[in-house]
Every structure is written in structure tokens, then in C-alpha cells.
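Shown next: my_file_29.cif, given as mmCIF, C-alpha atoms.
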```
data_run
loop_
_atom_site.label_atom_id
_atom_site.label_comp_id
_atom_site.auth_asym_id
_atom_site.auth_seq_id
_atom_site.Cartn_x
_atom_site.Cartn_y
_atom_site.Cartn_z
CA MET A 1094 0.00 0.00 0.00
CA SER A 1095 1.60 3.25 -1.13
CA GLU A 1096 -0.05 5.56 1.39
CA ARG A 1097 -0.50 4.47 4.98
CA LYS A 1098 -3.34 6.84 5.76
CA ALA A 1099 -6.86 5.99 6.95
CA LEU A 1100 -9.83 7.45 8.80
CA LEU A 1101 -11.70 5.51 11.49
CA ILE A 1102 -15.39 6.40 11.71
CA LEU A 1103 -16.36 5.18 15.17
CA HIS A 1104 -19.84 4.79 16.62
CA GLY A 1105 -20.25 7.34 19.40
CA LYS A 1106 -20.99 4.66 22.01
CA GLN A 1107 -17.45 3.35 21.54
CA ALA A 1108 -15.73 6.66 22.30
CA LEU A 1109 -14.37 5.39 25.63
CA ASN A 1110 -13.45 1.91 24.42
CA GLU A 1111 -9.89 1.43 25.66
CA MET A 1112 -9.27 -1.53 23.35
CA VAL A 1113 -10.04 0.69 20.36
CA ARG A 1114 -7.76 3.42 21.66
CA ALA A 1115 -4.92 0.93 22.17
CA ALA A 1116 -5.41 -0.54 18.69
CA VAL A 1117 -5.31 2.92 17.08
CA GLU A 1118 -2.14 3.83 18.95
CA ARG A 1119 -0.50 0.56 17.88
CA LYS A 1120 -1.17 1.24 14.19
CA ARG A 1121 0.13 4.77 14.56
CA GLU A 1122 3.34 3.35 16.03
CA GLN A 1123 3.60 1.14 12.95
CA GLY A 1124 3.63 4.23 10.75
CA TRP A 1125 -0.05 4.62 9.91
CA GLU A 1126 -1.62 8.06 9.85
CA LEU A 1127 -4.91 7.05 11.46
CA ALA A 1128 -7.45 9.75 12.31
CA VAL A 1129 -10.67 9.14 14.28
CA ARG A 1130 -14.13 10.69 13.93
CA LEU A 1131 -17.24 9.87 15.99
CA THR A 1132 -20.86 9.50 14.94
CA TRP A 1133 -23.53 11.05 17.13
CA GLU A 1134 -26.82 10.98 15.21
CA ALA A 1135 -28.44 9.80 11.99
CA GLY A 1136 -26.68 11.06 8.89
CA ASP A 1137 -23.27 11.41 10.53
CA ALA A 1138 -21.81 8.36 8.79
CA GLN A 1139 -22.60 9.70 5.33
CA ARG A 1140 -21.31 13.16 6.21
CA LEU A 1141 -18.06 11.80 7.64
CA VAL A 1142 -17.48 9.56 4.62
CA ASN A 1143 -17.95 12.50 2.29
CA GLU A 1144 -15.61 14.66 4.35
CA ALA A 1145 -12.98 11.90 4.46
CA LEU A 1146 -12.99 11.34 0.72
CA ALA A 1147 -12.87 15.09 0.06
CA ALA A 1148 -9.85 15.30 2.37
CA GLY A 1149 -7.99 12.67 0.38
CA TYR A 1150 -8.52 9.57 2.51
CA ARG A 1151 -8.76 6.43 0.37
CA THR A 1152 -9.14 3.94 3.20
CA ILE A 1153 -11.96 4.13 5.75
CA VAL A 1154 -12.35 2.01 8.87
CA ALA A 1155 -15.91 1.40 10.10
CA GLY A 1156 -16.04 0.86 13.86
CA GLY A 1157 -19.43 -0.28 15.14
CA GLY A 1158 -22.19 -2.83 14.69
CA ASP A 1159 -23.80 -4.16 11.52
CA GLY A 1160 -25.92 -1.00 11.16
CA THR A 1161 -22.86 1.25 11.29
CA LEU A 1162 -21.07 -0.90 8.72
CA ARG A 1163 -24.11 -0.69 6.44
CA ASP A 1164 -24.37 3.10 6.73
CA ILE A 1165 -20.70 3.61 5.89
CA ALA A 1166 -20.77 1.11 3.02
CA HIS A 1167 -23.89 2.84 1.65
CA ALA A 1168 -22.18 6.23 1.71
CA MET A 1169 -19.02 4.89 0.11
CA ALA A 1170 -20.85 3.06 -2.68
CA ALA A 1171 -22.81 6.22 -3.51
CA HIS A 1172 -19.70 8.41 -3.76
CA PRO A 1173 -17.91 8.87 -7.12
CA VAL A 1174 -14.48 8.63 -5.44
CA GLN A 1175 -13.21 5.07 -4.98
CA ALA A 1176 -12.01 4.04 -1.53
CA SER A 1177 -11.57 0.80 0.42
CA LEU A 1178 -13.24 -0.26 3.66
CA VAL A 1179 -11.87 -1.98 6.76
CA LEU A 1180 -14.32 -3.45 9.27
CA MET A 1181 -13.85 -3.08 13.02
CA PRO A 1182 -16.83 -5.03 14.43
CA LEU A 1183 -17.98 -3.59 17.75
CA GLY A 1184 -21.67 -4.53 17.84
CA THR A 1185 -23.68 -7.25 19.56
CA ALA A 1186 -24.26 -9.62 16.67
CA ASN A 1187 -21.46 -8.72 14.21
CA ASP A 1188 -23.04 -11.16 11.79
CA PHE A 1189 -21.22 -10.09 8.66
CA ALA A 1190 -17.82 -9.93 10.35
CA ARG A 1191 -18.23 -13.37 11.91
CA ALA A 1192 -19.20 -14.98 8.61
CA ALA A 1193 -16.36 -13.23 6.78
CA GLY A 1194 -13.74 -14.23 9.33
CA VAL A 1195 -12.99 -10.65 10.36
CA PRO A 1196 -11.37 -10.55 13.83
CA LEU A 1197 -13.75 -9.35 16.54
CA GLU A 1198 -11.05 -7.60 18.59
CA PRO A 1199 -10.09 -4.04 17.55
CA GLY A 1200 -6.35 -4.71 17.36
CA PRO A 1201 -6.44 -7.73 15.01
CA ALA A 1202 -9.24 -6.08 13.00
CA LEU A 1203 -7.03 -3.05 12.29
CA GLU A 1204 -4.31 -5.38 11.01
CA LEU A 1205 -6.53 -5.81 7.95
CA LEU A 1206 -5.28 -2.37 6.90
CA ASP A 1207 -2.14 -4.13 5.71
CA LEU A 1208 -4.00 -6.64 3.55
CA ARG A 1209 -5.26 -6.04 0.04
CA ALA A 1210 -8.86 -5.01 -0.60
CA HIS A 1211 -11.27 -7.28 -2.48
CA ALA A 1212 -14.05 -6.13 -4.77
CA MET A 1213 -17.31 -7.03 -3.06
CA ASP A 1214 -20.97 -7.03 -4.03
CA LEU A 1215 -23.71 -5.15 -2.24
CA GLY A 1216 -27.44 -5.80 -2.17
CA GLU A 1217 -29.86 -3.01 -3.01
CA VAL A 1218 -33.58 -2.43 -2.47
CA ASP A 1219 -35.64 0.74 -2.78
CA GLY A 1220 -32.51 2.88 -3.16
CA GLN A 1221 -30.90 1.44 -0.01
CA VAL A 1222 -27.94 -0.93 0.06
CA PHE A 1223 -27.09 -3.69 2.50
CA LEU A 1224 -23.71 -5.18 3.19
CA ASN A 1225 -24.88 -8.37 4.86
CA MET A 1226 -28.48 -9.46 4.55
CA ALA A 1227 -32.11 -8.48 4.20
CA THR A 1228 -34.38 -10.56 6.40
CA GLY A 1229 -38.15 -10.73 6.55
CA GLY A 1230 -40.86 -12.46 8.52
CA PHE A 1231 -40.68 -13.60 12.13
CA GLY A 1232 -36.88 -13.44 12.30
CA SER A 1233 -36.76 -9.77 11.38
CA GLN A 1234 -39.46 -8.99 13.96
CA VAL A 1235 -37.35 -10.68 16.63
CA THR A 1236 -34.29 -8.64 15.61
CA ALA A 1237 -36.27 -5.41 15.61
CA ASN A 1238 -37.82 -6.12 19.03
CA THR A 1239 -34.68 -7.17 20.88
CA SER A 1240 -33.93 -4.37 23.33
CA GLU A 1241 -30.55 -2.69 23.66
CA GLU A 1242 -30.60 -3.44 27.39
CA LEU A 1243 -31.05 -7.16 26.76
CA LYS A 1244 -28.22 -7.14 24.22
CA LYS A 1245 -25.91 -5.55 26.80
CA VAL A 1246 -26.69 -8.31 29.30
CA LEU A 1247 -26.89 -11.37 27.05
CA GLY A 1248 -24.96 -10.36 23.93
CA GLY A 1249 -25.92 -12.40 20.85
CA ALA A 1250 -28.04 -14.76 22.97
CA ALA A 1251 -30.51 -11.88 23.40
CA TYR A 1252 -31.96 -12.60 19.95
CA LEU A 1253 -32.63 -16.23 20.87
CA PHE A 1254 -34.17 -15.19 24.20
CA THR A 1255 -36.47 -12.71 22.47
CA GLY A 1256 -37.43 -15.28 19.85
CA LEU A 1257 -38.39 -17.88 22.45
CA SER A 1258 -40.33 -15.37 24.54
CA ARG A 1259 -42.33 -14.27 21.48
CA PHE A 1260 -42.87 -17.76 20.08
CA SER A 1261 -46.61 -17.57 20.60
CA GLU A 1262 -46.62 -14.74 18.03
CA LEU A 1263 -45.18 -16.98 15.33
CA HIS A 1264 -47.31 -16.54 12.23
CA ALA A 1265 -46.91 -16.65 8.48
CA ALA A 1266 -47.03 -13.97 5.82
CA TYR A 1267 -48.28 -14.59 2.30
CA GLY A 1268 -45.85 -13.58 -0.41
CA GLU A 1269 -44.88 -14.13 -4.03
CA LEU A 1270 -41.23 -14.13 -5.12
CA GLN A 1271 -40.10 -14.02 -8.70
CA GLY A 1272 -36.70 -13.76 -10.40
CA PRO A 1273 -34.90 -15.17 -13.47
CA GLY A 1274 -36.12 -18.75 -13.83
CA PHE A 1275 -37.58 -18.76 -10.31
CA HIS A 1276 -41.17 -18.36 -9.08
CA TRP A 1277 -42.45 -19.19 -5.61
CA ARG A 1278 -45.59 -18.17 -3.79
CA GLY A 1279 -47.19 -19.18 -0.55
CA GLU A 1280 -47.02 -18.54 3.17
CA LEU A 1281 -43.60 -17.99 4.66
CA LEU A 1282 -42.27 -17.75 8.18
CA ALA A 1283 -38.88 -16.29 7.38
CA LEU A 1284 -36.97 -14.91 4.42
CA GLY A 1285 -33.29 -14.23 3.94
CA ILE A 1286 -31.78 -12.39 0.98
CA GLY A 1287 -28.09 -12.69 1.54
CA ASN A 1288 -24.97 -11.07 0.41
CA GLY A 1289 -23.58 -12.52 3.63
CA ARG A 1290 -24.59 -15.75 5.33
CA GLN A 1291 -26.06 -15.08 8.77
CA ALA A 1292 -28.27 -12.62 10.63
CA GLY A 1293 -30.02 -12.12 13.95
CA GLY A 1294 -27.04 -12.98 16.13
CA GLY A 1295 -25.64 -16.03 14.36
CA HIS A 1296 -28.59 -17.62 12.55
CA VAL A 1297 -27.23 -18.95 9.24
CA LEU A 1298 -29.89 -18.36 6.59
CA CYS A 1299 -27.78 -18.38 3.41
CA PRO A 1300 -24.99 -20.91 4.07
CA GLN A 1301 -23.46 -20.78 0.57
CA ALA A 1302 -23.51 -17.02 0.00
CA LEU A 1303 -20.45 -15.34 -1.53
CA VAL A 1304 -19.78 -11.62 -1.69
CA ASP A 1305 -18.00 -11.69 -5.05
CA ASP A 1306 -20.29 -13.76 -7.29
CA GLY A 1307 -22.72 -11.04 -8.44
CA LEU A 1308 -25.69 -12.96 -7.03
CA LEU A 1309 -28.04 -12.81 -4.06
CA ASP A 1310 -28.73 -15.98 -2.11
CA ILE A 1311 -32.45 -16.44 -1.43
CA SER A 1312 -33.66 -18.57 1.48
CA ILE A 1313 -37.38 -19.04 2.14
CA LEU A 1314 -38.81 -20.88 5.13
CA PRO A 1315 -42.29 -21.91 3.96
CA ALA A 1316 -45.15 -22.15 6.41
CA PRO A 1317 -47.80 -24.75 5.70
CA GLN A 1318 -49.19 -25.80 9.08
CA ASP A 1319 -47.19 -29.00 9.21
CA VAL A 1320 -44.00 -27.03 8.70
CA VAL A 1321 -44.96 -24.58 11.46
CA GLU A 1322 -45.49 -27.43 13.90
CA THR A 1323 -42.29 -29.13 12.74
CA LEU A 1324 -40.38 -25.87 13.19
CA LYS A 1325 -41.63 -25.47 16.76
CA THR A 1326 -40.57 -29.02 17.56
CA LEU A 1327 -37.15 -28.61 15.96
CA LEU A 1328 -36.42 -25.34 17.73
CA VAL A 1329 -37.49 -26.66 21.10
CA ASP A 1330 -35.46 -29.85 20.64
CA GLY A 1331 -32.47 -27.99 19.22
CA PHE A 1332 -32.35 -29.73 15.84
CA ASP A 1333 -31.25 -28.29 12.51
CA ILE A 1334 -34.03 -26.83 10.31
CA ASP A 1335 -31.86 -26.29 7.25
CA ASN A 1336 -33.64 -28.92 5.14
CA LEU A 1337 -36.94 -27.00 5.39
CA PHE A 1338 -35.68 -24.03 3.35
CA VAL A 1339 -36.31 -23.30 -0.31
CA ARG A 1340 -33.19 -21.74 -1.81
CA ALA A 1341 -32.05 -20.06 -5.01
CA ARG A 1342 -29.18 -17.83 -6.22
CA LEU A 1343 -30.30 -14.93 -8.39
CA PRO A 1344 -29.09 -11.55 -9.68
CA TRP A 1345 -32.42 -10.01 -8.65
CA ILE A 1346 -35.74 -10.95 -7.10
CA GLU A 1347 -39.09 -9.21 -6.75
CA ILE A 1348 -41.30 -9.74 -3.71
CA LYS A 1349 -44.99 -9.01 -3.42
CA ALA A 1350 -46.77 -9.42 -0.09
CA SER A 1351 -50.51 -9.14 0.45
CA GLU A 1352 -50.23 -7.34 3.81
CA GLY A 1353 -46.82 -5.76 3.48
CA LEU A 1354 -43.63 -7.39 4.64
CA CYS A 1355 -41.34 -6.14 7.40
CA ILE A 1356 -37.75 -6.23 6.16
CA ASN A 1357 -34.59 -5.68 8.18
CA LEU A 1358 -31.58 -4.37 6.23
CA ASP A 1359 -28.56 -4.91 8.47
CA GLY A 1360 -30.54 -3.38 11.32
CA GLU A 1361 -32.45 -0.81 9.26
CA PRO A 1362 -36.24 -1.44 9.10
CA LEU A 1363 -38.07 -1.30 5.78
CA GLU A 1364 -41.66 -2.19 4.97
CA GLY A 1365 -43.47 -2.58 1.67
CA ASP A 1366 -45.84 -4.78 -0.29
CA SER A 1367 -43.79 -4.72 -3.52
CA LEU A 1368 -39.99 -4.72 -3.37
CA ARG A 1369 -37.23 -5.47 -5.86
CA PHE A 1370 -33.86 -6.65 -4.59
CA THR A 1371 -30.82 -6.58 -6.86
CA ALA A 1372 -27.16 -7.47 -6.54
CA ARG A 1373 -24.65 -4.71 -7.29
CA PRO A 1374 -21.53 -6.61 -8.37
CA ALA A 1375 -18.15 -5.31 -7.18
CA ALA A 1376 -19.79 -2.20 -5.70
CA ILE A 1377 -17.23 -1.65 -2.95
CA ARG A 1378 -13.69 -2.71 -2.02
CA VAL A 1379 -13.29 -4.31 1.41
CA HIS A 1380 -10.20 -5.56 3.25
CA LEU A 1381 -11.10 -9.14 4.19
CA PRO A 1382 -8.86 -11.87 5.57
CA GLU A 1383 -7.15 -14.05 3.00
CA GLY A 1384 -9.17 -17.23 2.70
CA SER A 1385 -12.36 -15.57 3.95
CA PRO A 1386 -15.30 -18.01 3.58
CA LEU A 1387 -17.27 -15.28 1.79
CA LEU A 1388 -14.72 -14.96 -1.02
CA GLY A 1389 -13.96 -17.29 -3.87
CA ALA A 1390 -16.57 -17.17 -6.62
CA SER A 1391 -13.90 -18.03 -9.19
CA ASP A 1392 -12.92 -21.13 -7.22
CA ARG A 1393 -16.38 -22.56 -6.84
CA SER A 1394 -19.06 -23.89 -9.14
CA VAL A 1395 -21.86 -21.33 -8.95
CA VAL A 1396 -24.97 -20.78 -11.01
CA GLN A 1397 -24.24 -17.83 -13.30
CA ALA A 1398 -26.91 -15.30 -14.16
CA ASP A 1399 -27.07 -16.41 -17.80
CA ASP A 1400 -27.76 -19.99 -16.74
CA LEU A 1401 -30.55 -19.28 -14.27
CA LEU A 1402 -33.39 -19.67 -16.77
CA ALA A 1403 -32.31 -23.25 -17.34
CA HIS A 1404 -32.59 -23.99 -13.64
CA GLY A 1405 -36.12 -22.74 -12.99
CA GLU A 1406 -37.70 -26.19 -13.01
CA GLN A 1407 -34.99 -27.44 -10.67
CA TYR A 1408 -35.88 -24.75 -8.12
CA GLN A 1409 -39.58 -25.61 -8.32
CA ALA A 1410 -38.82 -29.31 -7.91
CA ARG A 1411 -36.67 -28.61 -4.88
CA TYR A 1412 -39.52 -26.72 -3.24
CA ILE A 1413 -41.83 -29.73 -3.63
CA VAL A 1414 -39.21 -32.12 -2.26
CA ASP A 1415 -38.35 -29.93 0.73
CA LEU A 1416 -41.96 -29.80 1.86
#
```

File written out as C-alpha cells:
Amino acid sequence: MSERKALLILHGKQALNEMVRAAVERKREQGWELAVRLTWEAGDAQRLVNEALAAGYRTIVAGGGDGTLRDIAHAMAAHPVQASLVLMPLGTANDFARAAGVPLEPGPALELLDLRAHAMDLGEVDGQVFLNMATGGFGSQVTANTSEELKKVLGGAAYLFTGLSRFSELHAAYGELQGPGFHWRGELLALGIGNGRQAGGGHVLCPQALVDDGLLDISILPAPQDVVETLKTLLVDGFDIDNLFVRARLPWIEIKASEGLCINLDGEPLEGDSLRFTARPAAIRVHLPEGSPLLGASDRSVVQADDLLAHGEQYQARYIVDL
């Protein structure tokens, strides 16, 4: 890297985090010019990104939870000046960082400054981007209703606690999903549209997702009554529910819901009865660990966008088998 200069945009709640302070000082001792700015209210992330790029910074560090990472990635992707992003996960769930193999401690996370940046996709819906995942249905309601106080006490387990306490509210939403060579409609309990693999404090919804394949991974948990009862049994007994999902990999997908669907975009709520999700290939450059599980589209056999029409019947057949 020719210029060892970066700006850390840090969530205001982390201002007194001594581990962050020590990590910043360590990188400065290694010869990095590392400045720090704090967010205080909505809109600060975008403003600070714009100011950093105008000041000549070409590497930005995002220090905070999944929502902070999303806000900074959104601002960077919208700016005409190219820059790279380093993730310093400081939230409760840190779902994207965990799946990507990003260190969860500030010091090791900042060491990613010395690694090369990888071109990475983003998801987009209704003019908003998401770095990790869009979730809908019961899972997104649990995420939205998990209190900050509970997260402080229980950490990631807070999402599971909230989910169990609200289990009596488990109900399905009717929706229709359509993309290239793919059409599904029916009642669903949960929906994941992944650039990353997990959400809600470690729940893996899109286990094969890659961030450099130009596709979104779609995971639908259907909800005929027998599946609802099976799901309750599996969750109570602690068994895997992976085989209940309907899955596809698509460059875009449209969703229509009869009563409107609550969507969570990396912590940002969104609601609508007609939404179109698209993948934005190579929309941002991110410093990820070498060998990150989310990288490697060129090394794996994936369904390319041009081939999706030929796989439509396969997706429909899989839905019938899974039920």
C-alpha cells in the first residue's frame, strides 16, 4: 500500500473503548496516519465519509455494529471517489464480520489495513444498500424487538431469548417471489436475501452465500401448518431446520406481499408490499482476511446469471421435495 493513511469512523458509544484506543495507537506506532471521527446521530456516517474522501482519505475504517457498517458502506458506494473499507466489528451480533472471518477484537481487525482489498458485491432495495443481509418475517421482527438493554446483558443470545419469549406470536405472511427462472408463492415464516450468510445474532440463513459472485442468495422458510409445527418441535429440541428451506441464487428478485412485509436491512427497518432486490456486483472494495469463507466465486461452481433460466424447473422441484 503506497499511502499508509486511513480514517476511522467510530460509533459514538465506543468513544471510551480502551481496546479501540490501544489498537489505534498501535497502528500509529507502525507508521499509519490514522485519524478518528465519531458519529452522534443519523446522517453522521454519510457526512463523515464525504468529508474523508474530500480530504484525500482512500481507506476508511468502520467501527461499530452491523448497522454502522451498512451506513458507511452505503455512503461509500454512492460516492464517485473510490475508496476501500476496513471493518472493526464492535456490535452485539457482528453477523457479517463473523461470517467473513474478520477478527472481533479491535487490534487484530485493524491489522486488515495491511491486507489487500477485495471487490465485493452489495445488495440493493428501494434505493438502499445492504452489506450483509435483508431478512423478513418472524426473524426480522425478533431482531427489531430485541432491546438494547437485553443485548448488553446477554450479547448475541438476546436474539434467541427474544425469539423464544415471542414464540406464541409466530405466524406466516403470504408472499410471491419471482426472479430469473424462479417463481415461488405461498405462506412464509422467514426470508433471507443474503450477500452474507447469517443474521439475527448467528442464525445462518444463506450458508453458501459469496460476496464476489454477483448474485443474491435467497432462502425461504415456507409455512404450511405442518412445517410450522415441525419448526416449533425442531427449535425446542435444538435440531437443525436447514432442510426445510427453499433456496435459489439470483441476480435479482421481486417480492410481493398481500399485507406488506417487514424487512430488516442490516438493522435498518423497511416495509413494503412490492420490493425489488438486486445485486450490485463489485460495488465496494473491502479488506477481508485471506481465505475468507465469503470470497472465492472463481474457485467454486456457482450458477451464473445467464444460466438461471435453465434452472427454474430445478428450483420448483426442490420446493416440492423440501416440503

What does the distance from CA of Leu1284 in chain A to CA of Met1213 in chain A come to in Å, to one decimal?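 Interatomic distance here is 22.5 Å.
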
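Residues matched by the PyMOL selection byres ((chain A and resi 1154) around 8) in this structure: Ala1099, Leu1100, Leu1101, Ile1102, Thr1152, Ile1153, Ala1155, Gly1156, Leu1178, Val1179, Leu1180 and Met1181 of chain A.
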
I'd like the contact shell of Gly1220 in chain A - 12 Å cut-off, only C-alpha atoms, skipping same-chain residues fewer than 3 positions apart - returned as a PDB file with C-alpha atoms, keeping the file's coordinate frame.
```
ATOM      1  CA  HIS A1167     -23.890   2.840   1.650  1.00  0.00           C
ATOM      2  CA  ALA A1168     -22.180   6.230   1.710  1.00  0.00           C
ATOM      3  CA  ALA A1170     -20.850   3.060  -2.680  1.00  0.00           C
ATOM      4  CA  ALA A1171     -22.810   6.220  -3.510  1.00  0.00           C
ATOM      5  CA  LEU A1215     -23.710  -5.150  -2.240  1.00  0.00           C
ATOM      6  CA  GLY A1216     -27.440  -5.800  -2.170  1.00  0.00           C
ATOM      7  CA  GLU A1217     -29.860  -3.010  -3.010  1.00  0.00           C
ATOM      8  CA  PHE A1223     -27.090  -3.690   2.500  1.00  0.00           C
ATOM      9  CA  LEU A1358     -31.580  -4.370   6.230  1.00  0.00           C
ATOM     10  CA  LEU A1363     -38.070  -1.300   5.780  1.00  0.00           C
ATOM     11  CA  LEU A1368     -39.990  -4.720  -3.370  1.00  0.00           C
ATOM     12  CA  ARG A1369     -37.230  -5.470  -5.860  1.00  0.00           C
ATOM     13  CA  PHE A1370     -33.860  -6.650  -4.590  1.00  0.00           C
ATOM     14  CA  THR A1371     -30.820  -6.580  -6.860  1.00  0.00           C
ATOM     15  CA  ARG A1373     -24.650  -4.710  -7.290  1.00  0.00           C
TER      16      ARG A1373
END
```

Quick one: apply the PyMOL selection byres ((chain A and resi 1131) around 8) to the file and drop the selected residues here as a PDB file with C-alpha atoms, in the frame of the given file.
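And here is the file that came out, out-v1.pdb:
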```pdb
ATOM      1  CA  ILE A1102     -15.390   6.400  11.710  1.00  0.00           C
ATOM      2  CA  LEU A1103     -16.360   5.180  15.170  1.00  0.00           C
ATOM      3  CA  HIS A1104     -19.840   4.790  16.620  1.00  0.00           C
ATOM      4  CA  GLY A1105     -20.250   7.340  19.400  1.00  0.00           C
ATOM      5  CA  ALA A1108     -15.730   6.660  22.300  1.00  0.00           C
ATOM      6  CA  VAL A1129     -10.670   9.140  14.280  1.00  0.00           C
ATOM      7  CA  ARG A1130     -14.130  10.690  13.930  1.00  0.00           C
ATOM      8  CA  THR A1132     -20.860   9.500  14.940  1.00  0.00           C
ATOM      9  CA  TRP A1133     -23.530  11.050  17.130  1.00  0.00           C
TER      10      TRP A1133
END
```

Closest of A:Pro1382, A:Gly1268, A:Gly1307, A:Gly1285 to Ala1190 in chain A - atom-to-atom distances counting all atoms listed in the file: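 Counting all atoms listed in the file, the residue closest to Ala1190 in chain A is A:Pro1382.
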
Nearest to Gly1294 in chain A among A:Leu1337, A:Ile1165, A:Val1113, A:Ala1186, with distances taken over all atoms listed in the file: which residue is it?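 Under the stated criterion, the closest residue is A:Ala1186.
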
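Closest to Leu1281 in chain A among A:Gly1230, A:Leu1109, A:Gly1295, A:Leu1303 is A:Gly1230, based on all atoms listed in the file.
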
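In this model, the gap between CA of Thr1185 in chain A and CA of Ala1292 in chain A comes to 11.4 Å.
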
For a quick check of understanding, using only C-alpha atoms, which of A:Ala1138, A:Ala1115, A:Leu1162, A:Ala1148 has the smallest distance to Val1379 in chain A?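 The answer is A:Leu1162, which sits nearest to Val1379 in chain A.
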
Counting all atoms listed in the file, the option among A:Leu1127, A:Ala1316, A:Val1339, A:Ala1227 closest to Ile1286 in chain A: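 With all atoms listed in the file as the atom set, the closest residue is A:Ala1227.
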
For His1211 in chain A, please output as a PyMOL selection string all residues within 10 Å (counting only C-alpha atoms; exclusion window: fewer than 3 positions along the same chain). chain A and resi 1177-1178+1208+1214+1304-1305+1375+1377-1383+1388

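Take CA of Val1117 in chain A and CA of Pro1196 in chain A: the distance between them is 15.1 Å.
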
With only C-alpha atoms as the atoms that count, which of A:Glu1280, A:Glu1361, A:Glu1111, A:Glu1347 lies nearest to Asp1159 in chain A?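 Nearest to Asp1159 in chain A: A:Glu1361.
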
Using only C-alpha atoms - which residues lie no farther than 10 Å from the point (4.5, 5.8, 7.1) in the file's frame? Write them as a ChimeraX atom specification. /A:1095-1098,1121-1126

Please enumerate the residues selected by the PyMOL selection byres ((chain A and resi 1297) around 12) when evaluated against the supplied file, formatted as a PDB file with C-alpha atoms, in the coordinates of the input.
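Below is the file part-v8.pdb, written as the result:
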```pdb
ATOM      1  CA  ASP A1188     -23.040 -11.160  11.790  1.00  0.00           C
ATOM      2  CA  PHE A1189     -21.220 -10.090   8.660  1.00  0.00           C
ATOM      3  CA  ARG A1191     -18.230 -13.370  11.910  1.00  0.00           C
ATOM      4  CA  ALA A1192     -19.200 -14.980   8.610  1.00  0.00           C
ATOM      5  CA  ASN A1225     -24.880  -8.370   4.860  1.00  0.00           C
ATOM      6  CA  MET A1226     -28.480  -9.460   4.550  1.00  0.00           C
ATOM      7  CA  THR A1228     -34.380 -10.560   6.400  1.00  0.00           C
ATOM      8  CA  GLY A1232     -36.880 -13.440  12.300  1.00  0.00           C
ATOM      9  CA  LEU A1284     -36.970 -14.910   4.420  1.00  0.00           C
ATOM     10  CA  GLY A1285     -33.290 -14.230   3.940  1.00  0.00           C
ATOM     11  CA  ILE A1286     -31.780 -12.390   0.980  1.00  0.00           C
ATOM     12  CA  GLY A1287     -28.090 -12.690   1.540  1.00  0.00           C
ATOM     13  CA  GLY A1289     -23.580 -12.520   3.630  1.00  0.00           C
ATOM     14  CA  ARG A1290     -24.590 -15.750   5.330  1.00  0.00           C
ATOM     15  CA  GLN A1291     -26.060 -15.080   8.770  1.00  0.00           C
ATOM     16  CA  ALA A1292     -28.270 -12.620  10.630  1.00  0.00           C
ATOM     17  CA  GLY A1293     -30.020 -12.120  13.950  1.00  0.00           C
ATOM     18  CA  GLY A1294     -27.040 -12.980  16.130  1.00  0.00           C
ATOM     19  CA  GLY A1295     -25.640 -16.030  14.360  1.00  0.00           C
ATOM     20  CA  HIS A1296     -28.590 -17.620  12.550  1.00  0.00           C
ATOM     21  CA  LEU A1298     -29.890 -18.360   6.590  1.00  0.00           C
ATOM     22  CA  CYS A1299     -27.780 -18.380   3.410  1.00  0.00           C
ATOM     23  CA  PRO A1300     -24.990 -20.910   4.070  1.00  0.00           C
ATOM     24  CA  GLN A1301     -23.460 -20.780   0.570  1.00  0.00           C
ATOM     25  CA  ALA A1302     -23.510 -17.020   0.000  1.00  0.00           C
ATOM     26  CA  ASP A1310     -28.730 -15.980  -2.110  1.00  0.00           C
ATOM     27  CA  SER A1312     -33.660 -18.570   1.480  1.00  0.00           C
ATOM     28  CA  ASP A1333     -31.250 -28.290  12.510  1.00  0.00           C
ATOM     29  CA  ILE A1334     -34.030 -26.830  10.310  1.00  0.00           C
ATOM     30  CA  ASP A1335     -31.860 -26.290   7.250  1.00  0.00           C
ATOM     31  CA  PHE A1338     -35.680 -24.030   3.350  1.00  0.00           C
TER      32      PHE A1338
END
```

Just the residues within 6 Å of Lys1349 in chain A, please, counting only C-alpha atoms, with nothing from its chain fewer than 4 positions along; format it as a short mmCIF file (atom, residue, chain, number, x, y, z; two decimals) with C-alpha atoms, keeping the file's coordinate frame.
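Full text of part32.cif as output:
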```cif
data_model
loop_
_atom_site.label_atom_id
_atom_site.label_comp_id
_atom_site.auth_asym_id
_atom_site.auth_seq_id
_atom_site.Cartn_x
_atom_site.Cartn_y
_atom_site.Cartn_z
CA GLY A 1268 -45.85 -13.58 -0.41
CA GLU A 1269 -44.88 -14.13 -4.03
CA ASP A 1366 -45.84 -4.78 -0.29
CA SER A 1367 -43.79 -4.72 -3.52
#
```
